$ cat entry_4.txt   # compact mmCIF, C-alpha atoms and all ligand atoms
# COMPACT_ATOMS: atom_id res chain seq x y z
CA MET D 1 -39.06 -38.58 25.93
CA SER D 2 -40.89 -35.43 24.89
CA ILE D 3 -41.36 -33.41 21.74
CA LEU D 4 -41.08 -29.64 22.13
CA VAL D 5 -43.37 -27.68 19.80
CA THR D 6 -42.52 -23.99 19.57
CA GLY D 7 -45.44 -21.88 18.35
CA GLY D 8 -47.66 -24.81 19.26
CA THR D 9 -50.75 -22.74 20.05
CA GLY D 10 -50.66 -21.18 16.56
CA TYR D 11 -52.56 -22.24 13.45
CA ILE D 12 -50.31 -24.96 12.01
CA GLY D 13 -48.68 -25.82 15.36
CA SER D 14 -51.99 -26.64 17.08
CA HIS D 15 -53.12 -28.91 14.24
CA THR D 16 -49.73 -30.62 14.30
CA VAL D 17 -49.95 -31.23 18.06
CA VAL D 18 -53.32 -32.95 17.53
CA GLU D 19 -51.89 -35.18 14.79
CA LEU D 20 -48.80 -35.99 16.90
CA ILE D 21 -51.04 -37.10 19.77
CA ASN D 22 -53.22 -39.11 17.34
CA ASN D 23 -50.03 -40.84 16.22
CA LYS D 24 -48.91 -41.91 19.68
CA TYR D 25 -46.68 -38.97 20.56
CA LYS D 26 -48.49 -38.22 23.82
CA ASP D 27 -45.73 -36.33 25.57
CA ILE D 28 -45.90 -32.92 23.96
CA ILE D 29 -44.53 -29.70 25.41
CA ILE D 30 -45.74 -26.46 23.89
CA MET D 31 -43.90 -23.18 24.16
CA ASP D 32 -45.47 -20.02 22.77
CA ASN D 33 -45.35 -16.34 23.71
CA LEU D 34 -49.00 -15.98 22.60
CA CYS D 35 -48.23 -12.98 20.36
CA ASN D 36 -50.54 -14.46 17.71
CA SER D 37 -52.56 -17.10 19.57
CA SER D 38 -54.15 -17.79 22.92
CA GLU D 39 -53.70 -20.22 25.79
CA GLY D 40 -57.29 -21.44 25.29
CA VAL D 41 -55.91 -23.55 22.42
CA ILE D 42 -54.43 -25.92 25.04
CA ASP D 43 -57.98 -26.64 26.32
CA LYS D 44 -59.19 -27.18 22.76
CA ILE D 45 -56.39 -29.63 22.02
CA GLU D 46 -57.35 -31.48 25.21
CA LYS D 47 -60.99 -31.51 24.14
CA ILE D 48 -60.09 -33.07 20.79
CA THR D 49 -57.46 -35.56 21.97
CA GLY D 50 -58.06 -36.12 25.69
CA VAL D 51 -54.43 -35.18 26.31
CA ARG D 52 -53.38 -32.08 28.24
CA CYS D 53 -50.09 -30.70 26.91
CA LYS D 54 -47.57 -29.09 29.21
CA PHE D 55 -47.48 -25.40 28.30
CA TYR D 56 -44.84 -22.71 28.74
CA ASN D 57 -45.81 -19.11 28.02
CA ALA D 58 -42.34 -18.13 26.86
CA ASP D 59 -40.43 -16.45 24.07
CA ILE D 60 -37.88 -18.37 21.99
CA ARG D 61 -35.52 -15.39 22.35
CA ASP D 62 -35.49 -15.86 26.14
CA GLU D 63 -32.37 -17.92 26.94
CA LYS D 64 -33.34 -18.48 30.58
CA ALA D 65 -36.80 -19.74 29.65
CA LEU D 66 -35.29 -22.13 27.09
CA ASP D 67 -32.80 -23.40 29.64
CA LYS D 68 -35.62 -24.04 32.11
CA ILE D 69 -37.71 -25.92 29.53
CA PHE D 70 -34.80 -28.11 28.43
CA SER D 71 -33.72 -28.72 32.06
CA GLU D 72 -37.19 -29.66 33.28
CA ASN D 73 -37.95 -32.05 30.42
CA LYS D 74 -36.15 -34.74 28.48
CA ILE D 75 -36.67 -33.37 24.99
CA GLU D 76 -35.95 -35.69 22.10
CA ALA D 77 -36.86 -33.40 19.19
CA VAL D 78 -38.16 -29.92 18.47
CA ILE D 79 -40.76 -28.92 15.92
CA HIS D 80 -40.16 -25.22 15.39
CA PHE D 81 -43.16 -23.16 14.26
CA ALA D 82 -42.65 -20.03 16.37
CA GLY D 83 -42.23 -16.98 14.21
CA LEU D 84 -43.87 -13.88 12.79
CA LYS D 85 -45.48 -14.47 9.41
CA ALA D 86 -47.25 -11.39 8.07
CA VAL D 87 -45.59 -10.53 4.76
CA GLY D 88 -46.82 -6.90 4.60
CA GLU D 89 -45.87 -6.21 8.23
CA SER D 90 -42.40 -7.61 7.61
CA VAL D 91 -41.81 -4.93 4.96
CA LYS D 92 -42.60 -2.24 7.54
CA LYS D 93 -40.83 -3.87 10.49
CA PRO D 94 -37.88 -5.84 9.08
CA LEU D 95 -35.77 -5.62 12.26
CA GLU D 96 -38.58 -7.10 14.33
CA TYR D 97 -38.90 -9.98 11.85
CA TYR D 98 -35.17 -10.74 11.73
CA ASP D 99 -34.92 -10.44 15.53
CA ASN D 100 -37.87 -12.71 16.20
CA ASN D 101 -37.47 -15.30 13.46
CA VAL D 102 -33.70 -15.44 12.93
CA GLY D 103 -32.58 -14.30 16.41
CA GLY D 104 -35.14 -16.57 18.07
CA THR D 105 -34.09 -19.58 16.01
CA ILE D 106 -30.43 -19.05 16.91
CA LYS D 107 -31.29 -18.96 20.63
CA LEU D 108 -33.35 -22.11 20.23
CA LEU D 109 -30.55 -23.94 18.40
CA GLN D 110 -28.04 -22.87 21.07
CA ALA D 111 -30.29 -24.24 23.81
CA MET D 112 -30.77 -27.48 21.88
CA LYS D 113 -27.03 -27.87 21.45
CA LYS D 114 -26.37 -27.15 25.13
CA HIS D 115 -28.89 -29.80 26.16
CA GLU D 116 -27.79 -32.28 23.49
CA CYS D 117 -31.06 -32.33 21.63
CA LYS D 118 -30.08 -32.41 17.98
CA LYS D 119 -33.24 -33.15 16.04
CA ILE D 120 -35.32 -30.29 14.62
CA VAL D 121 -38.16 -29.93 12.14
CA PHE D 122 -38.35 -26.38 10.78
CA SER D 123 -41.30 -24.53 9.16
CA SER D 124 -40.02 -23.05 5.95
CA SER D 125 -41.98 -21.73 3.01
CA ALA D 126 -42.25 -21.99 -0.77
CA THR D 127 -41.37 -18.30 -0.76
CA VAL D 128 -37.66 -19.27 -0.46
CA TYR D 129 -37.70 -20.40 -4.11
CA GLY D 130 -38.09 -16.75 -5.14
CA ASP D 131 -39.06 -16.61 -8.80
CA PRO D 132 -37.35 -19.60 -10.45
CA GLY D 133 -39.09 -18.96 -13.79
CA THR D 134 -41.10 -22.17 -13.77
CA PRO D 135 -44.30 -22.84 -11.76
CA LYS D 136 -43.41 -26.34 -10.55
CA TYR D 137 -41.07 -26.06 -7.58
CA VAL D 138 -38.62 -28.90 -6.99
CA GLU D 139 -36.31 -29.03 -3.96
CA GLU D 140 -33.14 -29.26 -6.09
CA MET D 141 -33.81 -25.78 -7.50
CA GLY D 142 -32.37 -24.23 -4.37
CA ARG D 143 -33.23 -20.86 -2.96
CA GLY D 144 -33.91 -17.70 -4.94
CA ILE D 145 -34.52 -14.15 -3.82
CA ALA D 146 -37.50 -14.07 -1.50
CA SER D 147 -40.02 -11.30 -2.17
CA SER D 148 -40.21 -9.94 1.40
CA PRO D 149 -38.20 -9.63 4.63
CA TYR D 150 -40.46 -12.40 6.01
CA GLY D 151 -39.43 -14.71 3.18
CA GLU D 152 -35.82 -13.69 3.61
CA THR D 153 -35.90 -14.73 7.31
CA LYS D 154 -36.92 -18.23 6.17
CA ALA D 155 -34.08 -18.35 3.63
CA VAL D 156 -31.56 -17.11 6.22
CA ILE D 157 -32.69 -19.73 8.75
CA GLU D 158 -32.36 -22.47 6.10
CA GLY D 159 -28.79 -21.23 5.52
CA ILE D 160 -28.03 -21.25 9.25
CA LEU D 161 -29.30 -24.84 9.52
CA GLU D 162 -27.10 -25.86 6.58
CA SER D 163 -24.02 -24.27 8.15
CA LEU D 164 -24.82 -25.92 11.47
CA TYR D 165 -25.10 -29.32 9.85
CA LYS D 166 -21.80 -28.84 8.00
CA ALA D 167 -20.06 -27.98 11.28
CA GLU D 168 -21.84 -30.62 13.40
CA PRO D 169 -22.95 -33.55 11.25
CA ASP D 170 -24.64 -35.39 14.12
CA TRP D 171 -27.77 -33.20 13.80
CA ILE D 172 -30.99 -34.40 12.20
CA ILE D 173 -32.49 -31.38 10.46
CA SER D 174 -35.75 -31.42 8.54
CA ILE D 175 -36.73 -28.35 6.54
CA LEU D 176 -40.33 -28.44 5.38
CA ARG D 177 -41.32 -25.94 2.71
CA TYR D 178 -45.04 -25.30 2.96
CA PHE D 179 -47.12 -24.20 0.01
CA ASN D 180 -50.45 -22.46 0.87
CA PRO D 181 -51.98 -23.93 4.05
CA ILE D 182 -55.75 -23.54 4.40
CA GLY D 183 -58.64 -25.24 6.23
CA ALA D 184 -59.24 -26.22 9.82
CA HIS D 185 -59.73 -29.18 12.12
CA LYS D 186 -63.07 -30.93 11.54
CA SER D 187 -64.10 -30.34 15.17
CA GLY D 188 -64.36 -26.64 14.38
CA LEU D 189 -62.33 -25.95 17.53
CA LEU D 190 -59.05 -25.07 15.84
CA GLY D 191 -58.45 -22.90 12.79
CA GLU D 192 -56.96 -19.73 11.43
CA ASP D 193 -58.24 -16.46 12.84
CA PRO D 194 -55.72 -13.76 12.05
CA LYS D 195 -55.88 -10.49 13.96
CA GLY D 196 -56.84 -7.46 11.83
CA ILE D 197 -57.40 -7.51 8.07
CA PRO D 198 -56.01 -10.74 6.60
CA ASN D 199 -53.43 -10.74 3.81
CA ASN D 200 -53.98 -14.31 2.74
CA LEU D 201 -56.78 -15.32 0.44
CA MET D 202 -58.69 -17.90 2.47
CA PRO D 203 -59.07 -15.96 5.75
CA TYR D 204 -60.10 -12.94 3.65
CA ILE D 205 -62.82 -14.98 1.91
CA GLN D 206 -64.03 -16.21 5.31
CA LYS D 207 -64.36 -12.66 6.65
CA VAL D 208 -66.32 -11.60 3.56
CA ALA D 209 -68.59 -14.64 3.88
CA ILE D 210 -69.51 -13.75 7.47
CA GLY D 211 -70.05 -10.10 6.56
CA GLU D 212 -67.05 -8.69 8.43
CA LEU D 213 -65.48 -7.42 5.21
CA LYS D 214 -67.31 -6.16 2.12
CA GLU D 215 -65.70 -7.99 -0.79
CA VAL D 216 -62.60 -9.87 -1.87
CA SER D 217 -60.26 -7.96 -4.15
CA VAL D 218 -59.08 -10.46 -6.74
CA TYR D 219 -55.55 -9.30 -7.45
CA GLY D 220 -55.34 -9.43 -11.22
CA ASP D 221 -57.30 -11.32 -13.89
CA ASP D 222 -54.78 -10.94 -16.70
CA TYR D 223 -52.20 -13.55 -15.67
CA ASP D 224 -51.27 -16.35 -18.04
CA THR D 225 -53.30 -18.88 -16.02
CA LYS D 226 -56.44 -20.98 -16.55
CA ASP D 227 -58.83 -18.03 -15.91
CA GLY D 228 -56.40 -15.12 -15.63
CA THR D 229 -56.31 -15.10 -11.81
CA GLY D 230 -53.35 -16.28 -9.71
CA GLU D 231 -52.88 -20.00 -9.12
CA ARG D 232 -51.51 -21.56 -5.94
CA ASP D 233 -51.08 -24.99 -4.36
CA TYR D 234 -53.55 -24.91 -1.44
CA ILE D 235 -52.90 -27.64 1.09
CA HIS D 236 -55.18 -28.68 3.93
CA VAL D 237 -53.65 -27.88 7.31
CA VAL D 238 -54.27 -31.42 8.62
CA ASP D 239 -52.38 -32.87 5.65
CA LEU D 240 -49.60 -30.42 6.39
CA ALA D 241 -49.63 -31.39 10.07
CA ASN D 242 -49.23 -35.04 9.12
CA GLY D 243 -46.16 -34.15 7.08
CA HIS D 244 -44.49 -33.17 10.38
CA VAL D 245 -45.43 -36.46 12.00
CA LYS D 246 -43.85 -38.30 9.05
CA ALA D 247 -40.70 -36.17 9.19
CA LEU D 248 -40.33 -36.98 12.86
CA GLU D 249 -40.86 -40.70 12.29
CA LYS D 250 -38.85 -41.25 9.12
CA LEU D 251 -35.84 -38.99 9.55
CA ASN D 252 -33.75 -40.87 12.04
CA LYS D 253 -30.27 -40.64 10.59
CA PRO D 254 -28.13 -37.53 10.89
CA GLY D 255 -28.60 -35.36 7.84
CA ILE D 256 -30.21 -32.25 6.48
CA TYR D 257 -33.40 -32.98 4.60
CA ILE D 258 -35.53 -30.57 2.56
CA HIS D 259 -39.08 -31.45 1.51
CA ASN D 260 -41.91 -29.61 -0.19
CA LEU D 261 -45.27 -30.00 1.51
CA GLY D 262 -47.83 -29.30 -1.19
CA THR D 263 -50.43 -31.20 -3.19
CA GLY D 264 -48.91 -30.86 -6.66
CA ASN D 265 -52.07 -29.14 -7.98
CA SER D 266 -52.86 -25.47 -8.39
CA TYR D 267 -56.18 -23.66 -8.18
CA SER D 268 -57.06 -20.15 -9.24
CA VAL D 269 -58.42 -17.42 -7.00
CA LEU D 270 -61.80 -17.64 -8.76
CA GLU D 271 -61.89 -21.44 -8.40
CA ILE D 272 -61.29 -21.06 -4.66
CA ILE D 273 -64.03 -18.44 -4.30
CA LYS D 274 -66.49 -20.60 -6.27
CA ALA D 275 -65.62 -23.74 -4.30
CA PHE D 276 -66.09 -21.85 -1.03
CA GLU D 277 -69.50 -20.60 -2.20
CA ARG D 278 -70.57 -24.07 -3.34
CA VAL D 279 -69.46 -25.98 -0.24
CA ASN D 280 -70.77 -23.46 2.30
CA ASN D 281 -73.79 -22.36 0.30
CA VAL D 282 -72.94 -18.68 0.75
CA LYS D 283 -72.28 -15.76 -1.56
CA VAL D 284 -68.77 -14.29 -1.58
CA ASN D 285 -68.70 -10.82 -3.13
CA TYR D 286 -65.60 -9.99 -5.08
CA LYS D 287 -64.20 -7.43 -7.49
CA ILE D 288 -61.30 -7.60 -9.89
CA ALA D 289 -58.47 -5.38 -8.63
CA PRO D 290 -54.97 -4.57 -9.93
CA ARG D 291 -52.21 -7.15 -9.47
CA ARG D 292 -50.59 -7.18 -6.00
CA PRO D 293 -46.92 -6.12 -6.24
CA GLY D 294 -44.56 -9.05 -5.71
CA ASP D 295 -47.16 -11.72 -6.60
CA LEU D 296 -46.26 -14.53 -8.97
CA SER D 297 -48.83 -15.74 -11.49
CA LYS D 298 -48.70 -19.41 -10.58
CA PHE D 299 -46.73 -21.94 -8.57
CA TYR D 300 -47.19 -25.39 -7.09
CA ALA D 301 -45.15 -28.11 -5.42
CA ASP D 302 -43.50 -31.12 -6.89
CA PRO D 303 -44.38 -33.37 -3.92
CA THR D 304 -42.50 -36.44 -5.24
CA LYS D 305 -39.61 -36.25 -2.78
CA ALA D 306 -41.87 -36.11 0.28
CA LYS D 307 -43.80 -39.10 -1.01
CA LYS D 308 -40.65 -41.12 -1.68
CA GLU D 309 -38.66 -40.22 1.42
CA LEU D 310 -41.32 -39.50 4.04
CA GLY D 311 -44.12 -41.72 2.74
CA TRP D 312 -46.32 -38.62 2.85
CA GLU D 313 -48.81 -37.16 0.44
CA ALA D 314 -51.76 -34.83 0.73
CA THR D 315 -54.92 -36.90 0.96
CA ASN D 316 -57.01 -34.22 -0.74
CA ARG D 317 -54.71 -34.41 -3.73
CA HIS D 318 -56.98 -36.31 -6.09
CA ARG D 319 -60.16 -34.47 -5.20
CA ARG D 320 -61.32 -31.12 -6.40
CA TYR D 321 -60.96 -28.61 -3.58
CA GLY D 322 -64.13 -28.53 -1.51
CA GLU D 323 -65.49 -31.95 -2.56
CA ARG D 324 -66.04 -34.50 0.14
P1 LIG P 1 -49.23 -18.59 13.68
O1 LIG P 1 -48.94 -17.14 13.85
O2 LIG P 1 -50.63 -19.04 13.83
O3 LIG P 1 -48.31 -19.44 14.68
C1 LIG P 1 -47.03 -19.03 15.08
C2 LIG P 1 -47.02 -19.09 16.62
O4 LIG P 1 -45.72 -18.68 17.08
C3 LIG P 1 -48.03 -18.15 17.26
O5 LIG P 1 -48.81 -18.88 18.19
C4 LIG P 1 -47.17 -17.09 17.96
O6 LIG P 1 -47.78 -16.63 19.15
C5 LIG P 1 -45.88 -17.85 18.20
N1 LIG P 1 -44.67 -17.01 18.26
C6 LIG P 1 -44.25 -16.06 17.41
N2 LIG P 1 -43.08 -15.53 17.82
C7 LIG P 1 -42.72 -16.21 18.95
C8 LIG P 1 -41.61 -16.14 19.82
N3 LIG P 1 -40.64 -15.26 19.63
N4 LIG P 1 -41.58 -16.98 20.87
C9 LIG P 1 -42.57 -17.87 21.10
N5 LIG P 1 -43.64 -17.98 20.30
C10 LIG P 1 -43.73 -17.15 19.23
O7 LIG P 1 -48.63 -19.01 12.25
P2 LIG P 1 -48.78 -20.38 11.46
O8 LIG P 1 -49.55 -20.09 10.22
O9 LIG P 1 -49.21 -21.45 12.35
O10 LIG P 1 -47.27 -20.60 11.02
C11 LIG P 1 -46.39 -21.44 11.72
C12 LIG P 1 -45.03 -21.39 11.06
O11 LIG P 1 -45.15 -21.80 9.70
C13 LIG P 1 -44.40 -19.99 11.04
O12 LIG P 1 -43.02 -20.10 11.24
C14 LIG P 1 -44.70 -19.53 9.62
O13 LIG P 1 -43.76 -18.58 9.17
C15 LIG P 1 -44.59 -20.83 8.84
N6 LIG P 1 -45.33 -20.80 7.58
C16 LIG P 1 -46.66 -20.49 7.58
C17 LIG P 1 -47.36 -20.45 6.38
C18 LIG P 1 -48.82 -20.07 6.34
O14 LIG P 1 -49.33 -19.73 5.29
N7 LIG P 1 -49.56 -20.14 7.45
C19 LIG P 1 -46.70 -20.73 5.18
C20 LIG P 1 -45.34 -21.06 5.22
C21 LIG P 1 -44.67 -21.11 6.44
C1 LIG P 2 -48.25 -15.26 0.57
C2 LIG P 2 -46.87 -14.64 0.71
C3 LIG P 2 -45.85 -15.71 0.97
C4 LIG P 2 -46.25 -16.57 2.18
C5 LIG P 2 -47.66 -17.13 1.92
C6 LIG P 2 -48.17 -17.95 3.07
C7 LIG P 2 -46.93 -12.58 -0.61
C8 LIG P 2 -46.44 -11.92 -1.86
N1 LIG P 2 -46.56 -13.87 -0.47
O1 LIG P 2 -48.23 -16.11 -0.54
O2 LIG P 2 -44.59 -15.11 1.21
O3 LIG P 2 -45.34 -17.63 2.36
O4 LIG P 2 -48.56 -16.03 1.70
O5 LIG P 2 -48.36 -17.16 4.20
O6 LIG P 2 -47.61 -12.00 0.20
N2 LIG P 2 -55.29 -13.02 -3.42
C9 LIG P 2 -56.32 -12.23 -3.86
N3 LIG P 2 -56.97 -11.43 -2.97
C10 LIG P 2 -56.64 -11.40 -1.64
C11 LIG P 2 -55.58 -12.22 -1.18
C12 LIG P 2 -54.92 -13.01 -2.11
O7 LIG P 2 -56.65 -12.24 -5.05
O8 LIG P 2 -57.27 -10.64 -0.87
C13 LIG P 2 -54.60 -13.92 -4.36
C14 LIG P 2 -53.12 -13.65 -4.53
O9 LIG P 2 -52.87 -12.72 -5.55
C15 LIG P 2 -52.61 -15.06 -4.86
C16 LIG P 2 -53.56 -15.99 -4.09
O10 LIG P 2 -54.72 -15.22 -3.84
O11 LIG P 2 -52.78 -15.32 -6.24
C17 LIG P 2 -52.99 -16.47 -2.77
O12 LIG P 2 -52.54 -15.34 -2.02
P1 LIG P 2 -52.02 -15.48 -0.51
O13 LIG P 2 -53.00 -16.27 0.29
O14 LIG P 2 -51.69 -14.11 -0.03
O15 LIG P 2 -50.72 -16.37 -0.62
P2 LIG P 2 -49.40 -16.16 -1.54
O16 LIG P 2 -49.43 -14.87 -2.25
O17 LIG P 2 -49.22 -17.38 -2.34

$ encode --input "entry_4.txt" --output "structure tokens"
Amino acid sequence: MSILVTGGTGYIGSHTVVELINNKYKDIIIMDNLCNSSEGVIDKIEKITGVRCKFYNADIRDEKALDKIFSENKIEAVIHFAGLKAVGESVKKPLEYYDNNVGGTIKLLQAMKKHECKKIVFSSSATVYGDPGTPKYVEEMGRGIASSPYGETKAVIEGILESLYKAEPDWIISILRYFNPIGAHKSGLLGEDPKGIPNNLMPYIQKVAIGELKEVSVYGDDYDTKDGTGERDYIHVVDLANGHVKALEKLNKPGIYIHNLGTGNSYSVLEIIKAFERVNNVKVNYKIAPRRPGDLSKFYADPTKAKKELGWEATNRHRRYGER
């Protein structure tokens, strides 16, 4: 029996494939259209794990390709990462985002249903909470109004999965809401390397550190936070990847399950910059800039449910970010 990983050559998908293989799931099939990654990742995964994954260069919106993948393999479960994720771009190209993320997910679910594969783990985001008025996000709060078309695609997909489960209660559906994934595999072979100018803090810091960009703009220093800059729950990508392994292992009864994947701690923009400087022994130039529209001052996960139900917690949780 195989696990199909859509978007498996991407940042979180590739780290998850490595952790799946490390946890005895050797039969992994990756499907990715390579719009934000490259096929070389398959070689890198093999280098790290010794396992060569079967790879399909295919789009999740392509019904025929999905049919071929499900016909050629006995797929037991799908971990669904494939999607577009640039918040700013989604504001400019909403139709592309809904088509790819929502349309693609519907095609994938239809193919799964046709081939009687009814177990899926879906990449959602803390953005679906909207602005609940409190910084600690608990699953029971439900969804709010997401701040971008990207976020809205995640909320819509969660809704589709809920409707599907109501209509067909033999599905096993795991919705994982990620907080702010950062970091890379210790081999240095996998990581996050966004095309163009990054939106997210950590890749931006990295590009400043290597001299590709001049300075980090710190978006606001007048928030009601520990030092006035925004606070977020940054989670190491390998911890996040292991959350998927746990979801696959532990969720074996039909149901729809929602879990936060975060550490439960928040760090400020300045703390992150300082930690990066300290750990890498480099200087990161920055300037204080106006607040970024749509940003919240502070939020972090309540990770209790994931610990209780999945037996998962972030291993970096009790350490200061950057300490070994
Ligand atoms: P990524 O861009 O590195 O990976 C996504 C992969 O999906 C890429 O390899 C891309 O080529 C592929 N893809 C996109 N559209 C496709 C399609 N139609 N068909 C086939 N493949 C397609 O992004 P990531 O950071 O690894 O994110 C993975 C998932 O997690 C995404 O769904 C993203 O929205 C979600 N997520 C990411 C974050 C984050 O901060 N990185 C936070 C919350 C949720
Ligand atoms: C952003 C998205 C969110 C998405 C998440 C993960 C927005 C409004 N939200 O969240 O929908 O799920 O990424 O992909 O875009 N910062 C700077 N300077 C920078 C970049 C960021 O000061 O150059 C600050 C931000 O103001 C924030 C923190 O760093 O306080 C983290 O920002 P970012 O990495 O973009 O993540 P989020 O805003 O949490």

$ closest_atom_pairs --input "entry_4.txt" --of "chain D" --to "ligand LIG 2 (chain P)" --cutoff "8 Å" --atoms "only C-alpha atoms and all ligand atoms" --output "CSV"
residue,atom,partner,partner_atom,distance
D:Lys85,CA,P:LIG2,O5,6.5
D:Ala86,CA,P:LIG2,O5,7.0
D:Val87,CA,P:LIG2,O6,5.2
D:Gly88,CA,P:LIG2,O6,6.8
D:Ser125,CA,P:LIG2,O3,5.3
D:Ala126,CA,P:LIG2,O3,6.2
D:Thr127,CA,P:LIG2,O2,4.9
D:Ala146,CA,P:LIG2,O2,7.7
D:Ser147,CA,P:LIG2,C8,6.5
D:Ser148,CA,P:LIG2,O2,6.8
D:Tyr150,CA,P:LIG2,O2,6.9
D:Gly151,CA,P:LIG2,O2,5.5
D:Tyr178,CA,P:LIG2,O3,7.7
D:Phe179,CA,P:LIG2,C6,7.0
D:Asn180,CA,P:LIG2,C6,5.5
D:Pro181,CA,P:LIG2,C6,7.2
D:Pro198,CA,P:LIG2,O8,7.6
D:Asn199,CA,P:LIG2,O14,5.4
D:Asn200,CA,P:LIG2,O13,3.3
D:Leu201,CA,P:LIG2,C11,3.7
D:Met202,CA,P:LIG2,O13,6.3
D:Tyr204,CA,P:LIG2,O8,5.8
D:Ile205,CA,P:LIG2,O8,7.6
D:Val216,CA,P:LIG2,O8,5.5
D:Ser217,CA,P:LIG2,N3,4.9
D:Val218,CA,P:LIG2,O7,3.5
D:Tyr219,CA,P:LIG2,O7,4.0
D:Gly220,CA,P:LIG2,O7,6.9
D:Thr229,CA,P:LIG2,O11,6.6
D:Gly230,CA,P:LIG2,O11,3.6
D:Glu231,CA,P:LIG2,O11,5.5
D:Arg232,CA,P:LIG2,O17,6.0
D:Ser268,CA,P:LIG2,O11,7.1
D:Val269,CA,P:LIG2,O10,5.3
D:Ala289,CA,P:LIG2,O7,7.9
D:Arg291,CA,P:LIG2,O9,6.8
D:Arg292,CA,P:LIG2,O9,6.0
D:Pro293,CA,P:LIG2,C8,7.3
D:Gly294,CA,P:LIG2,C8,5.2
D:Asp295,CA,P:LIG2,C8,4.8
D:Leu296,CA,P:LIG2,O11,7.1
D:Ser297,CA,P:LIG2,O11,6.6
D:Lys298,CA,P:LIG2,O11,7.2

$ atom_distance --input "entry_4.txt" --atom1 "CA of Glu46 in chain D" --atom2 "CA of Ala247 in chain D"
23.6 Å

$ residues_around --input "entry_4.txt" --residues "range 115-117 of chain D" --least-positions-apart "3" --cutoff "12 Å" --atoms "only C-alpha atoms" --output "PyMOL selection string"
chain D and resi 1-4+66-79+108-112+120+168+170-173

$ closest_atom_pairs --input "entry_4.txt" --of "chain D" --to "ligand LIG 1 (chain P)" --cutoff "9 Å" --atoms "only C-alpha atoms and all ligand atoms" --output "tab-separated table"
residue	atom	partner	partner_atom	distance
D:Thr6	CA	P:LIG1	N5	6.2
D:Gly7	CA	P:LIG1	O4	3.5
D:Gly8	CA	P:LIG1	O5	6.1
D:Thr9	CA	P:LIG1	O5	4.7
D:Gly10	CA	P:LIG1	O5	3.4
D:Tyr11	CA	P:LIG1	O9	3.6
D:Ile12	CA	P:LIG1	O9	3.7
D:Gly13	CA	P:LIG1	O9	5.3
D:Ser14	CA	P:LIG1	O9	7.6
D:His15	CA	P:LIG1	O9	8.6
D:Met31	CA	P:LIG1	C9	6.3
D:Asp32	CA	P:LIG1	N5	3.7
D:Asn33	CA	P:LIG1	C9	4.1
D:Leu34	CA	P:LIG1	O6	3.7
D:Cys35	CA	P:LIG1	O6	3.9
D:Asn36	CA	P:LIG1	O6	3.8
D:Ser37	CA	P:LIG1	O5	4.4
D:Ser38	CA	P:LIG1	O5	7.2
D:Asn57	CA	P:LIG1	C9	7.7
D:Ala58	CA	P:LIG1	C9	5.8
D:Asp59	CA	P:LIG1	N4	3.4
D:Ile60	CA	P:LIG1	N4	4.1
D:Arg61	CA	P:LIG1	N3	5.8
D:Asp62	CA	P:LIG1	N4	8.1
D:His80	CA	P:LIG1	O12	7.2
D:Phe81	CA	P:LIG1	C12	4.1
D:Ala82	CA	P:LIG1	O4	3.4
D:Gly83	CA	P:LIG1	C6	3.9
D:Leu84	CA	P:LIG1	C6	5.1
D:Lys85	CA	P:LIG1	O13	4.5
D:Ala86	CA	P:LIG1	O13	8.1
D:Asp99	CA	P:LIG1	N3	8.5
D:Asn100	CA	P:LIG1	N3	5.1
D:Asn101	CA	P:LIG1	N3	6.9
D:Gly103	CA	P:LIG1	N3	8.7
D:Gly104	CA	P:LIG1	N3	5.9
D:Thr105	CA	P:LIG1	N3	8.6
D:Phe122	CA	P:LIG1	O12	7.8
D:Ser123	CA	P:LIG1	O11	4.8
D:Ser124	CA	P:LIG1	C21	5.1
D:Ser125	CA	P:LIG1	C20	4.1
D:Ala126	CA	P:LIG1	C20	6.8
D:Thr127	CA	P:LIG1	C20	7.7
D:Tyr150	CA	P:LIG1	O13	7.7
D:Gly151	CA	P:LIG1	O13	8.3
D:Thr153	CA	P:LIG1	O13	8.9
D:Lys154	CA	P:LIG1	O13	7.5
D:Leu176	CA	P:LIG1	C21	8.6
D:Arg177	CA	P:LIG1	C20	6.8
D:Tyr178	CA	P:LIG1	C20	4.8
D:Phe179	CA	P:LIG1	C19	6.2
D:Asn180	CA	P:LIG1	O14	5.3
D:Pro181	CA	P:LIG1	O14	5.1
D:Ile182	CA	P:LIG1	O14	7.5
D:Gly191	CA	P:LIG1	O2	8.8
D:Glu192	CA	P:LIG1	O2	6.8
D:Asp193	CA	P:LIG1	O2	8.1
D:Pro194	CA	P:LIG1	O2	7.5
D:Asn200	CA	P:LIG1	O14	7.6
D:Val237	CA	P:LIG1	N7	8.8

$ closest_residue --input "entry_4.txt" --among "D:Ala306, D:Ile28, D:Ile288, D:Ile106" --to "Asp222 in chain D" --atoms "all atoms listed in the file"
D:Ile288

$ residues_around --input "entry_4.txt" --residues "Glu277 in chain D" --least-positions-apart "4" --cutoff "12 Å" --atoms "all atoms listed in the file" --output "list in words"
Ile205, Gln206, Val208, Ala209, Ile210, Leu270, Glu271, Ile272, Ile273, Asn281, Val282, Lys283, Val284, Asn285, Tyr286, Tyr321 and Gly322 of chain D

$ closest_residue --input "entry_4.txt" --among "D:Lys195, D:Lys226, D:His185, D:Lys166" --to "Asp239 in chain D" --atoms "all atoms listed in the file"
D:His185

$ closest_residue --input "entry_4.txt" --among "D:Val51, D:Ile45, D:Leu251, D:Ile175" --to "Gly159 in chain D" --atoms "all atoms listed in the file"
D:Ile175
